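Q: Quick one: the structure is below, questions incoming.
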Amino acid sequence: MEQIFMKGCEAIAETAIRAGCRFFAGYPITPQNEMPEYMSRALPRVGGTFVQGESEVASVNMVYGAAAAGTLAMTSSSSPGISLKSEGISHLAGARLPSLIVNVMRAGPGMGTIQPAQNDYFQASKASGHGGFRTITFVPGTLQEAVDLTYLAFEYAVRDHNPVILAPDGFIGAIMEPVTLPDFKEIPETPDWAAIGYGKRGHINLIKSGGATEAEQQEINESAAKLYERWTREDVMVEAYHTEDAEYVFAAYGTSGRICKSAVDELRDRGIKAGLIRPITISPFPYNAFKNLDDTRVKYIIDVEMAIPAQMIEDVKMGVEGKIPIETVLSSGGNIIRTSDIIQKTEALVKEG
Amino acid sequence: MEKIYTRPNALNKSVSGYCPGCMHSTITKITAQVIDELGIGERTVCVLPVGCGTLGALYWNLDMVISAHGRAPAVATGVKRVSPDSVVFTYQGDGDLASIGLSEIMHAANRGENYTVLFINNSIYGMTGGQMAPTTLVGQKTTTTPGGRNPDTDGFPMKMAELIAQLTSPVYVARFAVNTPAYINKAKEGIRKAFQNQLDGKGFSLVEILSNCPTTWGMSPIDTLSYINDNTLAEFPLGVFKDREEEQS
Ligand SMILES: Cc1ncc(C[n+]2csc(CCOP(=O)(O)OP(=O)(O)O)c2C)c(N)n1
């Protein structure tokens with residue numbers, strides 16, 4: 001298949017259209033403006049709709065409306081904008097509406113900087129809004145992976161009747177790489193649960209994000225919990241790179257993950273047995289990848305994140321269950337982790353013995 | 001015998017749970033009658049707010065989407081844009097539309113979204129127990145303005161119909177009341193026009209309807225009728241603030 005050279009945000013947008021997305025609403029924020037801009041050009045060409053919302057709040061609620069009417073819909077933003085969208089994300093999860101939210105993460109908290117970061121790990125993996133819901137959350141490490149995961153995200157959204165989050169860091173959103181794009185999907189018929197008018201259906205559809213009674217709300221929560229459970233068994237995605245014999249194992253995702261990969265190669269050239277566990281889903285988190293590490297062999301886990309304080313480390317600890325010491329190499333503020341820092345840290349640990 | 005009055009088909013058979021004397025019932029009924037008379041029930045989507053109007057989920061015999069508080073215009077935008085053959089309307093209270101959802105309503109109106117907005121202005125937050133709304137009258141006592149609304153600190157009642165009529169896109173913006181039979185008939189005609197405009201693809205129509213809240217106003221339903229007459233109408237004049245049709249003719 002043909003490879004095209006594309007920018008991260010544009011590759012995600014184009015893939016979304018190929019996956020069947022026909023509605024996009026968003027509000028400008030760096031570093032993801034290429035996504036709404038691309039959608040404003042490309043969606044009308046396939047009969048889709050682009051709306052520049054007056055805010056992130058409005059945009060995500062437009063997505064809620066489009067999804068309620070049975071159209072595959074998405075929005076994108078970056079960290080501060082995702083905070084505003086959290087209301088709508090919670091409602092999407094409460095109403096169990098298929099949709100995609102892309103968070104091209106920048107440094108935080110607050111206004112932070114517009115540069116790439118991984119400061120939204122907690123928000124993206126655990127609490128993208130109130131009420132204790134979950135999403136499948138993908139963290140791509142290459143543009144090809146971003147493309148593949150975007151396509152998969154819509155399949156999962158439809159399969160699970162749930163919003164899916166794609167959380168590339170700003171670096172992934174901004175870089176250009178060759179990608180192979182998937183085929184255009186056929187647009188399915190409007191699903192029979194959609195609110196478009198009862199027509200010949202014989203009953204009305206009511207889309208709502210809450211229970212009418214305590215009992216109904218608990219049932220909604222229990223059925224969601226079953227879904228979340230199933231993800232932990234079936235949908236965990238993780239890459240293990242040279243972990244078979246590794247004595248020093250990096251835990252890193254997204255851009256940090258790809259930098260760690262280079263560090264592994266370089267350390268191995270220097271005779272140090274390094275490896276990498278790179279979560280591709282951070283929800284569900286690949287706890288077993290860490291649990292299954294041989295603690296008689298692995299001397300250290302080195303958690304590498306573009307977030308200070310580290311966030312994913314909490315999940316790593318849960319997986320490791322205290323059996324292996326954990327060290328960190330961190331950056332934040334928009335500073336990209338340097339391979340040399342990772343190597344230095346590892347060599348220092350090796351020296352310590 | 002000829003049946004001349006019956007429950008509209010756009011409502012189901014449940015007994016209304018609105019407080020006795022609450023005009024949500026009246027407004028819901030005349031809206032349902034319009035939907036029946038236009039024969040559009042099977043393709044109508046009602047976008048509900050957060051507020052007492054959410055109770056409509058129990059009564060409307062229509063497809064419905066309940067939105068987050070204030071976001072109904074954004075939700076309706078999503079529905080109508082992807083399903084243009086659906087007839088879409090929002091049904092929003094004054095806290096929902098004029099306070100937390102101010103941004104959403106202004107921008108939906110400014111985009112000229114081709115749907116219908118019913119704005120039920122009872123000058124108070126009914127659902128949450130009677131707090132001040134942006135539309136609360138000067139001097140009106142609420143649970144958060146125990147000394148009456150003080151314009152020095154709380155500002156003045158917001159006149160949404162007049163504000164929205166300033167925008168270029170909306171095609172029809174009007175305010176009605178339902179505290180007399182004659183007013184009810186006029187309000188129904190306004191609602192009909194607001195739906196007809198959508199059916200004709202003309203664009204955004206907003207009908208504001210002055211309502212009551214006997215429970216949180218602390219009045220008998222009958223007293224609310226004269227209260228509206230003496231106080232609410234003085235602040236919120238009835239009328240058509242914008243009608244693209246008349247401008248052109
Ligand atoms: C985000 C959010 N904030 C606050 C509330 C609480 N709340 C529910 S209804 C309501 C006000 C409703 O008042 P109004 O829109 O005037 O409608 P009414 O009940 O008077 O018909 C509020 C503040 C909420 N549900 N969600």
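In the structure tokens, the first chain shown is A, the next is B, and so on; residue numbers restart at 1 for each chain, and ligands run from 1 in the order shown.
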Which residues are close to range 316-328 of chain A, i.e. within 6 Å by only C-alpha atoms, leaving aside same-chain residues fewer than 4 positions away? Reply as a PDB file with N, CA and C atoms, in the first residue's frame.

A:
ATOM      1  N   TYR A 287      -0.878  -3.907  33.400  1.00  0.00           N
ATOM      2  CA  TYR A 287      -0.257  -4.278  34.692  1.00  0.00           C
ATOM      3  C   TYR A 287       0.539  -5.573  34.600  1.00  0.00           C
ATOM      4  N   PHE A 290       4.204  -5.777  33.735  1.00  0.00           N
ATOM      5  CA  PHE A 290       5.132  -5.462  34.836  1.00  0.00           C
ATOM      6  C   PHE A 290       5.143  -6.569  35.875  1.00  0.00           C
ATOM      7  N   LYS A 291       3.957  -7.093  36.141  1.00  0.00           N
ATOM      8  CA  LYS A 291       3.826  -8.168  37.118  1.00  0.00           C
ATOM      9  C   LYS A 291       4.676  -9.377  36.721  1.00  0.00           C
ATOM     10  N   ASP A 295      11.746 -10.817  38.905  1.00  0.00           N
ATOM     11  CA  ASP A 295      12.416  -9.900  39.839  1.00  0.00           C
ATOM     12  C   ASP A 295      13.773 -10.430  40.297  1.00  0.00           C
ATOM     13  N   TYR A 300      16.352  -2.974  37.923  1.00  0.00           N
ATOM     14  CA  TYR A 300      15.629  -1.703  38.085  1.00  0.00           C
ATOM     15  C   TYR A 300      14.571  -1.539  37.003  1.00  0.00           C
ATOM     16  N   ILE A 301      13.499  -0.910  37.397  1.00  0.00           N
ATOM     17  CA  ILE A 301      12.581  -0.352  36.401  1.00  0.00           C
ATOM     18  C   ILE A 301      12.842   1.138  36.400  1.00  0.00           C
ATOM     19  N   ILE A 302      12.973   1.694  35.219  1.00  0.00           N
ATOM     20  CA  ILE A 302      13.197   3.143  35.113  1.00  0.00           C
ATOM     21  C   ILE A 302      12.007   3.754  34.392  1.00  0.00           C
ATOM     22  N   ASP A 303      11.246   4.502  35.159  1.00  0.00           N
ATOM     23  CA  ASP A 303      10.031   5.126  34.631  1.00  0.00           C
ATOM     24  C   ASP A 303      10.424   6.447  33.968  1.00  0.00           C
ATOM     25  N   VAL A 304      10.117   6.551  32.685  1.00  0.00           N
ATOM     26  CA  VAL A 304      10.539   7.732  31.917  1.00  0.00           C
ATOM     27  C   VAL A 304       9.293   8.456  31.410  1.00  0.00           C
TER      28      VAL A 304
END

Q: Counting only C-alpha atoms, give me one row per residue of chain B with an atom at most 7 Å from an atom of chain A, showing the shortest contact pair and its distance in Å to one decimal, sorted by chain then residue number, as a tab-separated table.

A:
residue	atom	partner	partner_atom	distance
B:Glu42	CA	A:Gly199	CA	4.4
B:Arg43	CA	A:Gly197	CA	3.8
B:Thr44	CA	A:Gly197	CA	4.7
B:Val45	CA	A:Gly197	CA	5.4
B:Asn61	CA	A:Ile204	CA	6.7
B:Leu62	CA	A:Ile204	CA	5.8
B:Asp63	CA	A:Asn205	CA	4.8
B:Met64	CA	A:Leu206	CA	4.7
B:Val65	CA	A:Ile207	CA	4.6
B:Ile66	CA	A:Lys208	CA	5.0
B:Arg71	CA	A:Asn61	CA	6.5
B:Ala74	CA	A:Met62	CA	4.8
B:Val75	CA	A:Gly65	CA	4.1
B:Ala76	CA	A:Gly65	CA	5.9
B:Thr77	CA	A:Met62	CA	5.9
B:Gly78	CA	A:Ala66	CA	4.1
B:Val79	CA	A:Gly65	CA	4.7
B:Arg81	CA	A:Thr49	CA	7.0
B:Val82	CA	A:Ala66	CA	6.0
B:Ser83	CA	A:Ile196	CA	6.6
B:Ser86	CA	A:Ile196	CA	5.7
B:Glu104	CA	A:Ala58	CA	6.3
B:His107	CA	A:Glu54	CA	6.7

Q: What residues have any atom no more than 9 Å from ligand 1 when counting only C-alpha atoms and all ligand atoms, and can you list them as a VMD selection string?

A: (chain A and resid 87) or (chain B and resid 24 49 to 54 68 to 70 92 to 100 120 to 135 211 to 213)

Q: When distances are computed from only C-alpha atoms, which of B:Cys22, B:Val138, B:Ile191, B:Leu167 shows the smallest separation from Thr232 in chain B?

A: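 So, comparing all the options, the nearest one is B:Val138.
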
Q: As a PyMOL selection string, please: every residue in range 54-211 of chain B that a backbone DSSP assignment puts in helix (DSSP H, G or I).

A: chain B and resi 54-58+72-82+94-100+102-111+151-154+160-165+181-199

Q: Check which residues of range 41-111 of chain B sit at most 12 Å from range 170-181 of chain B using only C-alpha atoms, and return one row each with the closest pair of atoms and their distance in Å to one decimal, ordered by chain and rising number, as JSON lines.

A:
{"residue": "B:Ile105", "atom": "CA", "partner": "B:Pro170", "partner_atom": "CA", "distance": 11.3}
{"residue": "B:Met106", "atom": "CA", "partner": "B:Pro170", "partner_atom": "CA", "distance": 10.2}
{"residue": "B:His107", "atom": "CA", "partner": "B:Pro170", "partner_atom": "CA", "distance": 10.7}
{"residue": "B:Ala108", "atom": "CA", "partner": "B:Pro170", "partner_atom": "CA", "distance": 9.3}
{"residue": "B:Ala109", "atom": "CA", "partner": "B:Pro170", "partner_atom": "CA", "distance": 5.8}
{"residue": "B:Asn110", "atom": "CA", "partner": "B:Pro170", "partner_atom": "CA", "distance": 6.9}
{"residue": "B:Arg111", "atom": "CA", "partner": "B:Pro170", "partner_atom": "CA", "distance": 8.3}

Q: Using only C-alpha atoms, determine which residues lie at most 10 Å from Ala32 in chain B, disregarding the query and same-chain residues fewer than 5 positions distant; provide the list as a PyMOL selection string.

A: chain B and resi 7-11+26-27+37-38+41+60-62+188

Q: Could you take the residues named above and write them with all heavy atoms, as a compact mmCIF listing (two decimals), in the first residue's frame?

A:
# COMPACT_ATOMS: atom_id res chain seq x y z
N ARG B 7 -56.00 14.71 24.28
CA ARG B 7 -54.58 14.78 24.60
C ARG B 7 -53.77 14.73 23.31
O ARG B 7 -54.02 13.87 22.46
CB ARG B 7 -54.23 13.57 25.47
CG ARG B 7 -52.78 13.43 25.85
CD ARG B 7 -52.54 12.13 26.60
NE ARG B 7 -53.03 10.97 25.85
CZ ARG B 7 -52.38 10.41 24.85
NH1 ARG B 7 -51.20 10.85 24.47
NH2 ARG B 7 -52.89 9.38 24.22
N PRO B 8 -52.83 15.65 23.13
CA PRO B 8 -52.05 15.59 21.89
C PRO B 8 -51.23 14.31 21.81
O PRO B 8 -50.75 13.80 22.83
CB PRO B 8 -51.13 16.81 21.97
CG PRO B 8 -51.47 17.54 23.21
CD PRO B 8 -52.44 16.74 24.01
N ASN B 9 -51.05 13.85 20.62
CA ASN B 9 -50.29 12.63 20.40
C ASN B 9 -48.81 12.81 20.73
O ASN B 9 -48.10 11.84 21.02
CB ASN B 9 -50.47 12.18 18.94
CG ASN B 9 -49.92 10.80 18.73
OD1 ASN B 9 -50.16 9.92 19.54
ND2 ASN B 9 -49.16 10.63 17.66
N ALA B 10 -48.34 14.04 20.70
CA ALA B 10 -46.92 14.30 20.99
C ALA B 10 -46.63 14.17 22.49
O ALA B 10 -45.48 14.31 22.91
CB ALA B 10 -46.52 15.68 20.48
N LEU B 11 -47.68 13.92 23.28
CA LEU B 11 -47.48 13.63 24.71
C LEU B 11 -47.97 12.23 25.00
O LEU B 11 -48.92 11.76 24.38
CB LEU B 11 -48.27 14.63 25.57
CG LEU B 11 -47.80 16.08 25.54
CD1 LEU B 11 -48.72 16.95 26.37
CD2 LEU B 11 -46.37 16.19 26.05
N THR B 26 -48.75 23.96 30.69
CA THR B 26 -49.46 24.67 29.63
C THR B 26 -48.60 24.77 28.38
O THR B 26 -49.04 24.51 27.26
CB THR B 26 -49.80 26.11 30.11
OG1 THR B 26 -50.30 26.03 31.44
CG2 THR B 26 -50.78 26.78 29.18
N ILE B 27 -47.34 25.16 28.59
CA ILE B 27 -46.44 25.39 27.46
C ILE B 27 -46.14 24.07 26.75
O ILE B 27 -46.11 23.99 25.52
CB ILE B 27 -45.15 26.09 27.95
CG1 ILE B 27 -45.50 27.44 28.57
CG2 ILE B 27 -44.16 26.25 26.81
CD1 ILE B 27 -44.45 28.02 29.49
N GLU B 37 -50.43 19.32 15.02
CA GLU B 37 -51.11 20.02 13.93
C GLU B 37 -50.23 20.14 12.69
O GLU B 37 -50.72 20.11 11.57
CB GLU B 37 -51.58 21.40 14.42
CG GLU B 37 -52.79 21.29 15.35
CD GLU B 37 -52.99 22.50 16.26
OE1 GLU B 37 -52.47 23.59 15.94
OE2 GLU B 37 -53.66 22.35 17.30
N LEU B 38 -48.92 20.24 12.92
CA LEU B 38 -48.01 20.29 11.78
C LEU B 38 -47.69 18.89 11.25
O LEU B 38 -47.06 18.74 10.20
CB LEU B 38 -46.70 21.02 12.16
CG LEU B 38 -46.81 22.52 12.46
CD1 LEU B 38 -45.50 23.04 13.05
CD2 LEU B 38 -47.18 23.31 11.21
N GLY B 41 -44.52 14.94 14.38
CA GLY B 41 -44.08 14.19 15.55
C GLY B 41 -43.06 13.11 15.25
O GLY B 41 -42.07 12.96 15.97
N TRP B 60 -43.02 13.70 26.94
CA TRP B 60 -43.03 13.85 25.49
C TRP B 60 -43.09 12.48 24.82
O TRP B 60 -42.35 11.58 25.20
CB TRP B 60 -41.77 14.58 24.99
CG TRP B 60 -41.66 16.01 25.39
CD1 TRP B 60 -40.84 16.52 26.35
CD2 TRP B 60 -42.38 17.13 24.85
NE1 TRP B 60 -41.00 17.88 26.45
CE2 TRP B 60 -41.95 18.28 25.54
CE3 TRP B 60 -43.35 17.26 23.86
CZ2 TRP B 60 -42.44 19.55 25.26
CZ3 TRP B 60 -43.83 18.53 23.58
CH2 TRP B 60 -43.39 19.66 24.28
N ASN B 61 -43.95 12.38 23.84
CA ASN B 61 -43.97 11.17 23.03
C ASN B 61 -43.17 11.45 21.76
O ASN B 61 -43.69 11.47 20.65
CB ASN B 61 -45.44 10.80 22.72
CG ASN B 61 -45.55 9.51 21.93
OD1 ASN B 61 -44.73 8.62 22.06
ND2 ASN B 61 -46.55 9.45 21.07
N LEU B 62 -41.91 11.73 21.97
CA LEU B 62 -41.01 12.14 20.88
C LEU B 62 -39.64 11.55 21.17
O LEU B 62 -39.32 11.26 22.33
CB LEU B 62 -40.85 13.67 20.85
CG LEU B 62 -42.09 14.54 20.65
CD1 LEU B 62 -41.74 16.00 20.94
CD2 LEU B 62 -42.64 14.39 19.24
N LYS B 188 -49.21 30.10 21.28
CA LYS B 188 -49.27 28.91 20.43
C LYS B 188 -48.97 29.28 18.98
O LYS B 188 -48.24 28.56 18.28
CB LYS B 188 -50.64 28.25 20.56
CG LYS B 188 -50.72 26.92 19.86
CD LYS B 188 -52.04 26.22 20.10
CE LYS B 188 -52.22 25.11 19.07
NZ LYS B 188 -53.53 24.48 19.16

Q: Give me the residues near range 214-228 of chain A as a list in words, where near means some atom within 10 Å (using only C-alpha atoms) and where sequence neighbours in that chain fewer than 3 positions away do not count.

A: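 Neighbouring residues, sequence-local ones excluded: Ala93, Gly94, Ala95, Arg96, Gly131, Gly132, Phe133, Arg134, Thr135, Ile136, Asp160, His161, Asn162, Ser209, Gly210, Gly211, Trp231, Thr232, Arg233, Asp235, Ser283 and Pro284 of chain A.
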
Q: Selection from above, all heavy atoms, as a compact mmCIF listing (two decimals), in the first residue's frame, can you write it?

A:
# COMPACT_ATOMS: atom_id res chain seq x y z
N ALA A 93 -19.88 9.45 28.27
CA ALA A 93 -19.69 8.16 28.93
C ALA A 93 -20.96 7.76 29.68
O ALA A 93 -21.32 6.59 29.71
CB ALA A 93 -18.50 8.22 29.89
N GLY A 94 -21.63 8.74 30.27
CA GLY A 94 -22.87 8.46 31.00
C GLY A 94 -23.97 7.97 30.07
O GLY A 94 -24.73 7.06 30.40
N ALA A 95 -24.04 8.59 28.89
CA ALA A 95 -25.07 8.21 27.91
C ALA A 95 -24.61 7.06 27.03
O ALA A 95 -25.38 6.57 26.21
CB ALA A 95 -25.44 9.41 27.05
N ARG A 96 -23.33 6.66 27.20
CA ARG A 96 -22.75 5.57 26.41
C ARG A 96 -22.87 5.86 24.91
O ARG A 96 -23.38 5.03 24.13
CB ARG A 96 -23.41 4.23 26.77
CG ARG A 96 -23.21 3.82 28.23
CD ARG A 96 -21.79 3.36 28.54
NE ARG A 96 -21.43 2.20 27.77
CZ ARG A 96 -21.63 0.94 28.16
NH1 ARG A 96 -22.16 0.69 29.34
NH2 ARG A 96 -21.26 -0.07 27.39
N GLY A 131 -17.68 11.46 37.97
CA GLY A 131 -18.60 10.32 37.99
C GLY A 131 -17.97 8.95 37.88
O GLY A 131 -18.67 7.95 37.88
N GLY A 132 -16.62 8.89 37.81
CA GLY A 132 -15.97 7.58 37.87
C GLY A 132 -16.19 6.68 36.67
O GLY A 132 -16.33 5.48 36.82
N PHE A 133 -16.20 7.26 35.48
CA PHE A 133 -16.31 6.43 34.27
C PHE A 133 -14.91 6.13 33.74
O PHE A 133 -13.93 6.71 34.20
CB PHE A 133 -17.13 7.16 33.20
CG PHE A 133 -16.46 8.41 32.69
CD1 PHE A 133 -15.62 8.36 31.58
CD2 PHE A 133 -16.64 9.62 33.33
CE1 PHE A 133 -14.97 9.51 31.13
CE2 PHE A 133 -16.00 10.78 32.87
CZ PHE A 133 -15.16 10.72 31.77
N ARG A 134 -14.84 5.23 32.80
CA ARG A 134 -13.58 4.92 32.15
C ARG A 134 -13.73 5.03 30.64
O ARG A 134 -14.84 4.89 30.11
CB ARG A 134 -13.11 3.49 32.50
CG ARG A 134 -12.68 3.33 33.95
CD ARG A 134 -11.47 4.20 34.21
NE ARG A 134 -11.08 4.21 35.60
CZ ARG A 134 -10.11 3.46 36.11
NH1 ARG A 134 -9.48 2.58 35.37
NH2 ARG A 134 -9.77 3.57 37.37
N THR A 135 -12.62 5.22 29.97
CA THR A 135 -12.58 5.10 28.51
C THR A 135 -11.41 4.20 28.18
O THR A 135 -10.51 4.04 29.01
CB THR A 135 -12.32 6.46 27.83
OG1 THR A 135 -11.02 6.93 28.24
CG2 THR A 135 -13.38 7.49 28.18
N ILE A 136 -11.44 3.64 27.00
CA ILE A 136 -10.19 3.08 26.48
C ILE A 136 -9.37 4.28 26.05
O ILE A 136 -9.86 5.19 25.39
CB ILE A 136 -10.45 2.14 25.29
CG1 ILE A 136 -11.10 0.84 25.80
CG2 ILE A 136 -9.15 1.85 24.53
CD1 ILE A 136 -11.32 -0.22 24.73
N ASP A 160 -18.41 -0.77 21.91
CA ASP A 160 -18.69 -0.63 23.35
C ASP A 160 -19.76 0.41 23.65
O ASP A 160 -20.16 0.55 24.80
CB ASP A 160 -17.40 -0.20 24.09
CG ASP A 160 -16.31 -1.24 23.98
OD1 ASP A 160 -16.62 -2.41 23.72
OD2 ASP A 160 -15.13 -0.85 24.14
N HIS A 161 -20.20 1.17 22.65
CA HIS A 161 -21.08 2.32 22.94
C HIS A 161 -20.44 3.19 24.00
O HIS A 161 -21.00 3.43 25.06
CB HIS A 161 -22.45 1.85 23.45
CG HIS A 161 -23.38 1.46 22.38
ND1 HIS A 161 -24.42 2.24 21.96
CD2 HIS A 161 -23.40 0.37 21.60
CE1 HIS A 161 -25.05 1.64 20.98
NE2 HIS A 161 -24.46 0.50 20.74
N ASN A 162 -19.28 3.70 23.70
CA ASN A 162 -18.55 4.46 24.72
C ASN A 162 -17.58 5.41 24.02
O ASN A 162 -17.09 5.10 22.94
CB ASN A 162 -17.74 3.48 25.60
CG ASN A 162 -17.57 3.97 27.02
OD1 ASN A 162 -18.56 4.16 27.71
ND2 ASN A 162 -16.34 4.19 27.44
N SER A 209 -27.91 10.85 30.08
CA SER A 209 -26.67 10.44 30.71
C SER A 209 -26.85 10.19 32.20
O SER A 209 -25.90 10.24 32.95
CB SER A 209 -25.58 11.49 30.48
OG SER A 209 -25.91 12.66 31.18
N GLY A 210 -28.07 9.93 32.60
CA GLY A 210 -28.30 9.65 34.01
C GLY A 210 -29.47 8.71 34.19
O GLY A 210 -30.26 8.51 33.26
N GLY A 211 -29.56 8.12 35.36
CA GLY A 211 -30.68 7.23 35.66
C GLY A 211 -31.86 8.02 36.19
O GLY A 211 -31.69 9.07 36.80
N TRP A 231 -12.39 -4.96 29.25
CA TRP A 231 -11.22 -4.33 28.60
C TRP A 231 -9.92 -4.85 29.22
O TRP A 231 -8.96 -5.11 28.52
CB TRP A 231 -11.24 -2.81 28.78
CG TRP A 231 -12.36 -2.08 28.11
CD1 TRP A 231 -13.16 -2.53 27.09
CD2 TRP A 231 -12.79 -0.75 28.42
NE1 TRP A 231 -14.06 -1.55 26.76
CE2 TRP A 231 -13.87 -0.45 27.54
CE3 TRP A 231 -12.38 0.22 29.33
CZ2 TRP A 231 -14.52 0.77 27.56
CZ3 TRP A 231 -13.04 1.44 29.35
CH2 TRP A 231 -14.10 1.71 28.47
N THR A 232 -9.93 -4.96 30.57
CA THR A 232 -8.68 -5.35 31.24
C THR A 232 -8.26 -6.76 30.83
O THR A 232 -7.09 -7.10 30.87
CB THR A 232 -8.78 -5.29 32.78
OG1 THR A 232 -9.74 -6.26 33.20
CG2 THR A 232 -9.22 -3.92 33.25
N ARG A 233 -9.24 -7.58 30.43
CA ARG A 233 -8.90 -8.94 29.99
C ARG A 233 -8.57 -8.99 28.50
O ARG A 233 -7.72 -9.77 28.08
CB ARG A 233 -10.06 -9.90 30.29
CG ARG A 233 -10.27 -10.17 31.77
CD ARG A 233 -11.24 -11.35 31.97
NE ARG A 233 -12.50 -11.16 31.26
CZ ARG A 233 -13.55 -10.48 31.75
NH1 ARG A 233 -13.48 -9.95 32.96
NH2 ARG A 233 -14.65 -10.34 31.06
N ASP A 235 -8.45 -6.08 25.97
CA ASP A 235 -8.04 -4.98 25.11
C ASP A 235 -6.75 -4.26 25.50
O ASP A 235 -6.43 -3.21 24.96
CB ASP A 235 -9.18 -3.95 25.01
CG ASP A 235 -10.41 -4.55 24.33
OD1 ASP A 235 -10.22 -5.31 23.37
OD2 ASP A 235 -11.53 -4.27 24.78
N SER A 283 -5.33 3.00 29.54
CA SER A 283 -6.56 2.49 30.15
C SER A 283 -7.20 1.61 29.10
O SER A 283 -7.59 2.11 28.05
CB SER A 283 -7.51 3.64 30.52
OG SER A 283 -8.79 3.13 30.83
N PRO A 284 -7.27 0.29 29.30
CA PRO A 284 -6.74 -0.48 30.43
C PRO A 284 -5.21 -0.49 30.43
O PRO A 284 -4.59 -0.55 29.38
CB PRO A 284 -7.29 -1.87 30.16
CG PRO A 284 -7.45 -1.94 28.68
CD PRO A 284 -7.84 -0.58 28.25

Q: When you look at Ala194 in chain B with a cut-off of 8 Å (counting only C-alpha atoms), what residues show up, excluding the ones that are within fewer than 3 positions of it in the same chain? I need them as a compact mmCIF listing (two decimals) with N, CA, C and O atoms, in the first residue's frame.

A:
# COMPACT_ATOMS: atom_id res chain seq x y z
N THR B 116 -35.52 25.26 16.43
CA THR B 116 -36.47 26.08 17.18
C THR B 116 -36.10 26.05 18.65
O THR B 116 -35.83 24.98 19.20
N VAL B 117 -36.07 27.21 19.27
CA VAL B 117 -35.78 27.28 20.70
C VAL B 117 -37.00 27.78 21.45
O VAL B 117 -37.54 28.84 21.12
N TYR B 172 -36.63 34.72 13.59
CA TYR B 172 -37.84 35.05 14.34
C TYR B 172 -37.53 35.00 15.83
O TYR B 172 -37.06 33.98 16.34
N GLY B 190 -47.13 31.75 18.00
CA GLY B 190 -45.70 32.04 17.93
C GLY B 190 -44.88 30.76 17.84
O GLY B 190 -43.92 30.66 17.06
N ILE B 191 -45.27 29.77 18.63
CA ILE B 191 -44.56 28.48 18.61
C ILE B 191 -44.72 27.84 17.23
O ILE B 191 -43.75 27.32 16.66
N ASN B 197 -40.91 27.97 10.46
CA ASN B 197 -39.68 28.54 9.91
C ASN B 197 -38.63 27.44 9.69
O ASN B 197 -37.93 27.41 8.68
N GLN B 198 -38.53 26.56 10.67
CA GLN B 198 -37.57 25.46 10.55
C GLN B 198 -37.95 24.54 9.39
O GLN B 198 -37.11 24.15 8.58
N SER B 205 -35.14 30.26 15.11
CA SER B 205 -36.27 30.96 15.74
C SER B 205 -36.25 30.72 17.23
O SER B 205 -36.01 29.59 17.69
N LEU B 206 -36.49 31.78 17.99
CA LEU B 206 -36.56 31.64 19.45
C LEU B 206 -37.85 32.27 19.95
O LEU B 206 -38.17 33.42 19.61
N VAL B 207 -38.58 31.49 20.73
CA VAL B 207 -39.79 31.98 21.36
C VAL B 207 -39.58 31.95 22.86
O VAL B 207 -39.34 30.90 23.45
